[in-house]
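Chemist: Next comes structure_36.cif, mmCIF, C-alpha atoms and all ligand atoms; chains and numbers go by the auth columns:
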data_work
loop_
_atom_site.group_PDB
_atom_site.id
_atom_site.type_symbol
_atom_site.label_atom_id
_atom_site.label_comp_id
_atom_site.label_asym_id
_atom_site.label_seq_id
_atom_site.Cartn_x
_atom_site.Cartn_y
_atom_site.Cartn_z
_atom_site.B_iso_or_equiv
_atom_site.auth_seq_id
_atom_site.auth_asym_id
ATOM 1 C CA MET A 1 11.899 14.359 -66.206 0.00 22 A
ATOM 2 C CA HIS A 2 12.289 14.102 -69.982 0.00 23 A
ATOM 3 C CA LYS A 3 12.108 17.442 -71.850 0.00 24 A
ATOM 4 C CA LEU A 4 9.120 16.217 -73.856 0.00 25 A
ATOM 5 C CA GLU A 5 7.316 15.040 -70.713 0.00 26 A
ATOM 6 C CA GLU A 6 7.682 18.535 -69.255 0.00 27 A
ATOM 7 C CA LYS A 7 5.826 19.806 -72.316 0.00 28 A
ATOM 8 C CA GLY A 8 3.063 17.261 -71.686 0.00 29 A
ATOM 9 C CA MET A 9 4.097 15.095 -74.642 0.00 30 A
ATOM 10 C CA ASN A 10 4.250 11.339 -74.605 0.00 31 A
ATOM 11 C CA VAL A 11 7.699 9.739 -74.364 0.00 32 A
ATOM 12 C CA PRO A 12 8.182 6.064 -75.236 0.00 33 A
ATOM 13 C CA GLU A 13 8.872 4.283 -71.950 0.00 34 A
ATOM 14 C CA SER A 14 12.226 2.684 -71.278 0.00 35 A
ATOM 15 C CA LYS A 15 11.701 -0.470 -69.249 0.00 36 A
ATOM 16 C CA VAL A 16 15.184 -0.213 -67.747 0.00 37 A
ATOM 17 C CA GLU A 17 14.806 2.990 -65.756 0.00 38 A
ATOM 18 C CA ILE A 18 15.636 1.871 -62.276 0.00 39 A
ATOM 19 C CA SER A 19 14.750 3.696 -59.099 0.00 40 A
ATOM 20 C CA GLY A 20 14.412 3.347 -55.326 0.00 41 A
ATOM 21 C CA PHE A 21 15.593 0.222 -53.546 0.00 42 A
ATOM 22 C CA VAL A 22 16.577 -1.598 -56.764 0.00 43 A
ATOM 23 C CA ALA A 23 18.786 1.303 -57.906 0.00 44 A
ATOM 24 C CA ARG A 24 20.372 1.619 -54.494 0.00 45 A
ATOM 25 C CA PHE A 25 21.269 -2.079 -54.209 0.00 46 A
ATOM 26 C CA TYR A 26 21.538 -2.829 -57.943 0.00 47 A
ATOM 27 C CA ASP A 27 24.921 -4.621 -57.888 0.00 48 A
ATOM 28 C CA GLN A 28 24.031 -6.727 -54.858 0.00 49 A
ATOM 29 C CA LEU A 29 20.637 -7.710 -56.289 0.00 50 A
ATOM 30 C CA LEU A 30 22.212 -8.635 -59.607 0.00 51 A
ATOM 31 C CA ARG A 31 24.743 -10.843 -57.870 0.00 52 A
ATOM 32 C CA ILE A 32 21.942 -12.667 -56.053 0.00 53 A
ATOM 33 C CA ALA A 33 19.666 -12.913 -59.123 0.00 54 A
ATOM 34 C CA SER A 34 22.493 -14.334 -61.246 0.00 55 A
ATOM 35 C CA PHE A 35 23.576 -16.805 -58.536 0.00 56 A
ATOM 36 C CA GLY A 36 26.978 -15.086 -58.394 0.00 57 A
ATOM 37 C CA LYS A 37 27.578 -15.459 -62.155 0.00 58 A
ATOM 38 C CA TYR A 38 27.303 -11.767 -63.132 0.00 59 A
ATOM 39 C CA ASN A 39 30.931 -10.845 -62.398 0.00 60 A
ATOM 40 C CA GLY A 40 32.416 -13.691 -64.459 0.00 61 A
ATOM 41 C CA MET A 41 29.987 -13.081 -67.305 0.00 62 A
ATOM 42 C CA MET A 42 30.821 -9.367 -67.525 0.00 63 A
ATOM 43 C CA LYS A 43 34.555 -10.033 -67.247 0.00 64 A
ATOM 44 C CA ALA A 44 34.335 -12.447 -70.197 0.00 65 A
ATOM 45 C CA ALA A 45 32.261 -9.999 -72.283 0.00 66 A
ATOM 46 C CA ILE A 46 34.696 -7.161 -71.585 0.00 67 A
ATOM 47 C CA ALA A 47 37.744 -9.337 -72.294 0.00 68 A
ATOM 48 C CA ASP A 48 36.178 -9.922 -75.726 0.00 69 A
ATOM 49 C CA MET A 49 36.119 -6.180 -76.489 0.00 70 A
ATOM 50 C CA ASP A 50 39.844 -6.090 -77.290 0.00 71 A
ATOM 51 C CA ILE A 51 40.312 -2.853 -75.299 0.00 72 A
ATOM 52 C CA GLN A 52 43.577 -1.068 -76.063 0.00 73 A
ATOM 53 C CA PRO A 53 45.437 1.084 -73.460 0.00 74 A
ATOM 54 C CA ASP A 54 44.658 4.382 -75.196 0.00 75 A
ATOM 55 C CA ASP A 55 41.029 3.607 -76.076 0.00 76 A
ATOM 56 C CA ALA A 56 38.232 6.090 -75.442 0.00 77 A
ATOM 57 C CA ILE A 57 35.112 4.180 -74.359 0.00 78 A
ATOM 58 C CA LEU A 58 31.515 5.355 -74.043 0.00 79 A
ATOM 59 C CA ASP A 59 29.450 3.252 -71.605 0.00 80 A
ATOM 60 C CA MET A 60 25.759 3.887 -72.406 0.00 81 A
ATOM 61 C CA GLY A 61 23.385 3.268 -69.501 0.00 82 A
ATOM 62 C CA CYS A 62 26.438 2.672 -67.337 0.00 83 A
ATOM 63 C CA GLY A 63 24.560 2.066 -64.078 0.00 84 A
ATOM 64 C CA THR A 64 26.666 1.886 -60.932 0.00 85 A
ATOM 65 C CA GLY A 65 30.031 1.926 -62.749 0.00 86 A
ATOM 66 C CA TYR A 66 30.596 -1.778 -62.169 0.00 87 A
ATOM 67 C CA ASN A 67 31.441 -2.431 -65.830 0.00 88 A
ATOM 68 C CA SER A 68 33.448 0.778 -66.269 0.00 89 A
ATOM 69 C CA CYS A 69 35.615 -0.349 -63.346 0.00 90 A
ATOM 70 C CA LEU A 70 36.232 -3.654 -65.131 0.00 91 A
ATOM 71 C CA MET A 71 37.047 -1.905 -68.443 0.00 92 A
ATOM 72 C CA VAL A 72 39.431 0.655 -66.917 0.00 93 A
ATOM 73 C CA LYS A 73 41.809 -2.168 -65.947 0.00 94 A
ATOM 74 C CA TYR A 74 42.704 -2.468 -69.645 0.00 95 A
ATOM 75 C CA LEU A 75 43.429 1.264 -70.060 0.00 96 A
ATOM 76 C CA GLY A 76 46.641 3.220 -69.614 0.00 97 A
ATOM 77 C CA ASN A 77 46.927 6.915 -68.693 0.00 98 A
ATOM 78 C CA ASP A 78 45.816 7.998 -72.164 0.00 99 A
ATOM 79 C CA GLY A 79 42.628 5.931 -72.172 0.00 100 A
ATOM 80 C CA LYS A 80 39.305 7.222 -70.888 0.00 101 A
ATOM 81 C CA ILE A 81 35.754 6.131 -70.149 0.00 102 A
ATOM 82 C CA ILE A 82 32.630 8.271 -70.104 0.00 103 A
ATOM 83 C CA GLY A 83 29.565 6.715 -68.493 0.00 104 A
ATOM 84 C CA LEU A 84 26.114 7.974 -69.453 0.00 105 A
ATOM 85 C CA ASP A 85 23.056 7.279 -67.351 0.00 106 A
ATOM 86 C CA ILE A 86 19.778 9.015 -66.581 0.00 107 A
ATOM 87 C CA SER A 87 19.583 8.027 -62.927 0.00 108 A
ATOM 88 C CA LYS A 88 20.729 10.263 -60.073 0.00 109 A
ATOM 89 C CA LYS A 89 21.094 7.203 -57.828 0.00 110 A
ATOM 90 C CA MET A 90 23.351 5.526 -60.388 0.00 111 A
ATOM 91 C CA LYS A 91 25.388 8.741 -60.708 0.00 112 A
ATOM 92 C CA LYS A 92 26.062 8.728 -56.980 0.00 113 A
ATOM 93 C CA GLN A 93 27.188 5.096 -56.978 0.00 114 A
ATOM 94 C CA PHE A 94 29.200 5.471 -60.186 0.00 115 A
ATOM 95 C CA GLU A 95 31.114 8.479 -58.869 0.00 116 A
ATOM 96 C CA LYS A 96 31.823 6.738 -55.571 0.00 117 A
ATOM 97 C CA LYS A 97 32.930 3.486 -57.210 0.00 118 A
ATOM 98 C CA CYS A 98 35.127 5.214 -59.806 0.00 119 A
ATOM 99 C CA GLN A 99 36.538 7.969 -57.584 0.00 120 A
ATOM 100 C CA GLU A 100 40.053 6.502 -57.685 0.00 121 A
ATOM 101 C CA CYS A 101 40.106 6.557 -61.504 0.00 122 A
ATOM 102 C CA PRO A 102 40.786 10.011 -62.950 0.00 123 A
ATOM 103 C CA ASN A 103 40.144 8.782 -66.495 0.00 124 A
ATOM 104 C CA ILE A 104 36.526 7.794 -65.776 0.00 125 A
ATOM 105 C CA SER A 105 33.733 10.368 -65.742 0.00 126 A
ATOM 106 C CA PHE A 106 29.940 10.375 -65.630 0.00 127 A
ATOM 107 C CA ILE A 107 27.371 12.430 -67.529 0.00 128 A
ATOM 108 C CA GLN A 108 23.716 12.325 -66.496 0.00 129 A
ATOM 109 C CA LYS A 109 21.938 12.130 -69.815 0.00 130 A
ATOM 110 C CA ARG A 110 19.341 10.189 -71.800 0.00 131 A
ATOM 111 C CA ILE A 111 21.061 7.963 -74.320 0.00 132 A
ATOM 112 C CA GLU A 112 18.214 8.239 -76.854 0.00 133 A
ATOM 113 C CA ASP A 113 18.450 12.033 -76.964 0.00 134 A
ATOM 114 C CA PRO A 114 20.966 13.698 -79.318 0.00 135 A
ATOM 115 C CA LEU A 115 24.453 13.365 -77.814 0.00 136 A
ATOM 116 C CA PRO A 116 27.346 15.788 -78.216 0.00 137 A
ATOM 117 C CA PHE A 117 29.837 13.129 -79.405 0.00 138 A
ATOM 118 C CA HIS A 118 31.195 12.855 -82.947 0.00 139 A
ATOM 119 C CA ASP A 119 34.083 10.624 -84.082 0.00 140 A
ATOM 120 C CA GLU A 120 35.667 10.488 -80.669 0.00 141 A
ATOM 121 C CA PHE A 121 35.301 6.989 -79.193 0.00 142 A
ATOM 122 C CA ASP A 122 37.078 3.753 -80.098 0.00 143 A
ATOM 123 C CA LYS A 123 34.463 1.651 -78.358 0.00 144 A
ATOM 124 C CA VAL A 124 30.835 2.138 -77.392 0.00 145 A
ATOM 125 C CA PHE A 125 29.512 -0.352 -74.868 0.00 146 A
ATOM 126 C CA ILE A 126 25.914 -0.925 -73.804 0.00 147 A
ATOM 127 C CA SER A 127 24.928 -3.756 -71.504 0.00 148 A
ATOM 128 C CA PHE A 128 21.465 -4.799 -70.327 0.00 149 A
ATOM 129 C CA VAL A 129 19.921 -1.558 -71.585 0.00 150 A
ATOM 130 C CA PHE A 130 18.972 -1.988 -75.253 0.00 151 A
ATOM 131 C CA HIS A 131 16.218 -4.563 -74.655 0.00 152 A
ATOM 132 C CA GLY A 132 14.299 -2.083 -72.505 0.00 153 A
ATOM 133 C CA PHE A 133 13.548 0.314 -75.354 0.00 154 A
ATOM 134 C CA PRO A 134 11.003 0.203 -78.160 0.00 155 A
ATOM 135 C CA ASN A 135 12.471 -0.089 -81.683 0.00 156 A
ATOM 136 C CA SER A 136 12.027 3.624 -82.421 0.00 157 A
ATOM 137 C CA GLU A 137 14.306 4.497 -79.490 0.00 158 A
ATOM 138 C CA ARG A 138 16.775 1.677 -80.180 0.00 159 A
ATOM 139 C CA LYS A 139 17.411 3.230 -83.598 0.00 160 A
ATOM 140 C CA LYS A 140 18.204 6.587 -81.974 0.00 161 A
ATOM 141 C CA ILE A 141 20.540 4.940 -79.461 0.00 162 A
ATOM 142 C CA ALA A 142 22.338 3.015 -82.216 0.00 163 A
ATOM 143 C CA GLN A 143 22.640 6.217 -84.288 0.00 164 A
ATOM 144 C CA ASN A 144 24.100 8.027 -81.264 0.00 165 A
ATOM 145 C CA ALA A 145 26.586 5.187 -80.812 0.00 166 A
ATOM 146 C CA PHE A 146 27.668 5.282 -84.468 0.00 167 A
ATOM 147 C CA ASN A 147 27.990 9.091 -84.390 0.00 168 A
ATOM 148 C CA ALA A 148 30.176 8.844 -81.290 0.00 169 A
ATOM 149 C CA LEU A 149 32.463 6.187 -82.790 0.00 170 A
ATOM 150 C CA LYS A 150 35.631 6.963 -84.714 0.00 171 A
ATOM 151 C CA SER A 151 35.968 5.307 -88.082 0.00 172 A
ATOM 152 C CA GLY A 152 36.820 1.636 -87.418 0.00 173 A
ATOM 153 C CA GLY A 153 35.448 1.833 -83.856 0.00 174 A
ATOM 154 C CA ARG A 154 33.411 -0.954 -82.312 0.00 175 A
ATOM 155 C CA PHE A 155 29.868 -0.957 -80.889 0.00 176 A
ATOM 156 C CA THR A 156 29.362 -3.763 -78.353 0.00 177 A
ATOM 157 C CA ILE A 157 25.846 -4.661 -77.237 0.00 178 A
ATOM 158 C CA PHE A 158 25.634 -7.142 -74.384 0.00 179 A
ATOM 159 C CA ASP A 159 22.025 -8.022 -73.736 0.00 180 A
ATOM 160 C CA PHE A 160 19.185 -10.499 -73.898 0.00 181 A
ATOM 161 C CA ASN A 161 15.698 -10.479 -75.321 0.00 182 A
ATOM 162 C CA GLU A 162 12.569 -12.554 -75.296 0.00 183 A
ATOM 163 C CA PHE A 163 11.472 -14.059 -78.601 0.00 184 A
ATOM 164 C CA ASN A 164 8.240 -15.673 -79.576 0.00 185 A
ATOM 165 C CA LEU A 165 9.698 -18.572 -81.551 0.00 186 A
ATOM 166 C CA ASP A 166 6.321 -19.392 -83.072 0.00 187 A
ATOM 167 C CA ALA A 167 6.185 -15.913 -84.586 0.00 188 A
ATOM 168 C CA GLN A 168 9.706 -16.169 -86.109 0.00 189 A
ATOM 169 C CA SER A 169 9.908 -17.092 -89.768 0.00 190 A
HETATM 170 C C1 LIG B . 19.545 -2.832 -66.261 0.00 201 A
HETATM 171 S S1 LIG B . 20.568 -1.441 -65.872 0.00 201 A
HETATM 172 C C2 LIG B . 22.121 -1.883 -66.618 0.00 201 A
HETATM 173 C C3 LIG B . 23.290 -1.174 -65.975 0.00 201 A
HETATM 174 C C4 LIG B . 24.651 -1.563 -66.501 0.00 201 A
HETATM 175 N N1 LIG B . 24.807 -1.237 -67.903 0.00 201 A
HETATM 176 C C5 LIG B . 24.901 -3.037 -66.259 0.00 201 A
HETATM 177 O O1 LIG B . 25.138 -3.786 -67.210 0.00 201 A
HETATM 178 O O2 LIG B . 24.917 -3.447 -65.092 0.00 201 A
HETATM 179 C C6 LIG B . 19.924 -0.214 -66.964 0.00 201 A
HETATM 180 C C7 LIG B . 20.567 1.148 -66.774 0.00 201 A
HETATM 181 O O3 LIG B . 20.135 2.009 -67.824 0.00 201 A
HETATM 182 C C8 LIG B . 19.831 3.280 -67.269 0.00 201 A
HETATM 183 N N2 LIG B . 18.852 3.927 -68.156 0.00 201 A
HETATM 184 C C9 LIG B . 17.557 3.584 -68.363 0.00 201 A
HETATM 185 N N3 LIG B . 16.984 4.365 -69.280 0.00 201 A
HETATM 186 C C10 LIG B . 17.945 5.250 -69.656 0.00 201 A
HETATM 187 C C11 LIG B . 17.978 6.327 -70.583 0.00 201 A
HETATM 188 N N4 LIG B . 16.902 6.639 -71.284 0.00 201 A
HETATM 189 N N5 LIG B . 19.133 7.005 -70.739 0.00 201 A
HETATM 190 C C12 LIG B . 20.228 6.690 -70.009 0.00 201 A
HETATM 191 N N6 LIG B . 20.264 5.683 -69.114 0.00 201 A
HETATM 192 C C13 LIG B . 19.142 4.966 -68.947 0.00 201 A
HETATM 193 C C14 LIG B . 19.281 2.962 -65.886 0.00 201 A
HETATM 194 O O4 LIG B . 19.351 4.074 -65.027 0.00 201 A
HETATM 195 C C15 LIG B . 20.187 1.818 -65.465 0.00 201 A
HETATM 196 O O5 LIG B . 21.340 2.269 -64.821 0.00 201 A
#
Produce structure tokens that represent the structure in this file.
Modeler:
Amino acid sequence: MHKLEEKGMNVPESKVEISGFVARFYDQLLRIASFGKYNGMMKAAIADMDIQPDDAILDMGCGTGYNSCLMVKYLGNDGKIIGLDISKKMKKQFEKKCQECPNISFIQKRIEDPLPFHDEFDKVFISFVFHGFPNSERKKIAQNAFNALKSGGRFTIFDFNEFNLDAQS
């Protein structure tokens, strides 16, 4: 539970908190829902990140570790990935999936809360997470990402959104 919720205060809902059956079979469901296209799409997005062997990467809302496992292929021994996610079910899957990779670790944390990272990552990656937050929380997430990045680092957002074209100017 969020610290503010424990105090009885209202917390803006994230629409991407995943639990139960969906969390447990997230990768499989995604494969089915995308008609098998998810893997190729993520590989292409990650290839575009220009990951260097010694990069430090922060994966915000990392889920099962599927994407971290794709990114780690670009890293050498000096590179590292930290995955952040709020879900205990995702933590379990992430740690199982990434157990062979000593340079990948997981922290169970809300990405909109203040994070303990300052000028330490070359890349921050966030996929299919940003759209689920209201603007107020997106700003906090983006600020956390920029705080975590070294000067010249890159923030990659891979996502979708729904737009009301009639309301666009
Ligand atoms: C739609 S999934 C995307 C997972 C992964 N990034 C991917 O591309 O497959 C959204 C993820 O964000 C996590 N999440 C939702 N709200 C969060 C929050 N406030 N802080 C950290 N993680 C959160 C969920 O647990 C879930 O793993």
Chemist: Just so the selection is clear, what residues does the PyMOL selection byres (((chain A and resi 96) around 7) and not hetatm) cover here, as a list in words?
Modeler: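 That selection, the PyMOL selection byres (((chain A and resi 96) around 7) and not hetatm), comes back as Gln73, Pro74, Asp75, Asp76, Val93, Lys94, Tyr95, Gly97, Asn98 and Gly100 of chain A.
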Chemist: How would you write, as a list of chain:residue names, the set of residues no farther than 7 Å from ligand LIG 201 (chain A) when counting all atoms listed in the file?
Modeler: A:Ser35, A:Val37, A:Glu38, A:Ile39, A:Met81, A:Gly82, A:Cys83, A:Gly84, A:Thr85, A:Tyr87, A:Asn88, A:Leu105, A:Asp106, A:Ile107, A:Ser108, A:Met111, A:Lys130, A:Arg131, A:Ile132, A:Glu133, A:Ile147, A:Ser148, A:Phe149, A:Val150
Chemist: Evaluate the PyMOL selection byres (((chain A and resi 172) around 12) and not hetatm) on the structure here and hand back the selected residues as a ChimeraX atom specification.
Modeler: /A:139-144,166-171,173-176
Chemist: Suppose we keep C-alpha atoms; can you now write the selection as an mmCIF file, in the frame of the given file?
Modeler:
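Writing the result to again-v3.cif gives the following:
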data_model
loop_
_atom_site.group_PDB
_atom_site.id
_atom_site.type_symbol
_atom_site.label_atom_id
_atom_site.label_comp_id
_atom_site.auth_asym_id
_atom_site.auth_seq_id
_atom_site.Cartn_x
_atom_site.Cartn_y
_atom_site.Cartn_z
ATOM 1 C CA HIS A 139 31.195 12.855 -82.947
ATOM 2 C CA ASP A 140 34.083 10.624 -84.082
ATOM 3 C CA GLU A 141 35.667 10.488 -80.669
ATOM 4 C CA PHE A 142 35.301 6.989 -79.193
ATOM 5 C CA ASP A 143 37.078 3.753 -80.098
ATOM 6 C CA LYS A 144 34.463 1.651 -78.358
ATOM 7 C CA ALA A 166 26.586 5.187 -80.812
ATOM 8 C CA PHE A 167 27.668 5.282 -84.468
ATOM 9 C CA ASN A 168 27.990 9.091 -84.390
ATOM 10 C CA ALA A 169 30.176 8.844 -81.290
ATOM 11 C CA LEU A 170 32.463 6.187 -82.790
ATOM 12 C CA LYS A 171 35.631 6.963 -84.714
ATOM 13 C CA GLY A 173 36.820 1.636 -87.418
ATOM 14 C CA GLY A 174 35.448 1.833 -83.856
ATOM 15 C CA ARG A 175 33.411 -0.954 -82.312
ATOM 16 C CA PHE A 176 29.868 -0.957 -80.889
#
Chemist: Pick out the closest residue to Phe151 (chain A) from this set: A:Ser89, A:Thr177, A:Gln49, A:Ser40. Count only C-alpha atoms.
Modeler: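 The closest residue to Phe151 (chain A) is A:Thr177.
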Chemist: By how many Å are CA of Arg45 (chain A) and CA of Pro135 (chain A) apart?
Modeler: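 Rounded to one decimal, the two atoms are 27.6 Å apart.
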Chemist: Mind pulling up the distance from CA of Ala54 (chain A) to CA of Glu121 (chain A)?
Modeler: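 For CA of Glu121 (chain A) relative to CA of Ala54 (chain A), the distance reads 28.2 Å.
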Chemist: Emit as JSON the padded axis-aligned box for all listed atoms of region 71-79 of chain A, 8 Å per side, with centre and edge lengths in Å to one decimal.
Modeler:
{"center_x": 38.5, "center_y": 0.0, "center_z": -75.4, "size_x": 29.9, "size_y": 28.2, "size_z": 19.8}
Chemist: If you measure from CA of Cys122 (chain A) to CA of Asp99 (chain A), what distance in Å do you get, rounded to one decimal?
Modeler: 12.2 Å
Chemist: Closest to Lys117 (chain A) among A:Gly104, A:Gly153, A:Gly86, A:Gly61, using all atoms listed in the file?
Modeler: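 Ranking A:Gly104, A:Gly153, A:Gly86, A:Gly61 by distance to Lys117 (chain A), first place goes to A:Gly86.
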Chemist: List the spatial neighbours of Asp134 (chain A) as a list in words - criterion: any atom at most 10 Å away, only C-alpha atoms, same-chain residues fewer than 2 positions off excluded.
Modeler: His23, Lys24, Lys130, Arg131, Ile132, Leu136, Pro137, Glu158, Lys161, Ile162 and Asn165 of chain A
Chemist: Any chance you could work out the residue set of the PyMOL selection byres (((chain A and resi 103) around 8) and not hetatm) here, as a CSV table (one decimal) with C-alpha atoms, in the frame of the given file?
Modeler:
chain,number,residue,atom,x,y,z
A,78,ILE,CA,35.1,4.2,-74.4
A,79,LEU,CA,31.5,5.4,-74.0
A,80,ASP,CA,29.4,3.3,-71.6
A,101,LYS,CA,39.3,7.2,-70.9
A,102,ILE,CA,35.8,6.1,-70.1
A,104,GLY,CA,29.6,6.7,-68.5
A,105,LEU,CA,26.1,8.0,-69.5
A,125,ILE,CA,36.5,7.8,-65.8
A,126,SER,CA,33.7,10.4,-65.7
A,127,PHE,CA,29.9,10.4,-65.6
A,128,ILE,CA,27.4,12.4,-67.5
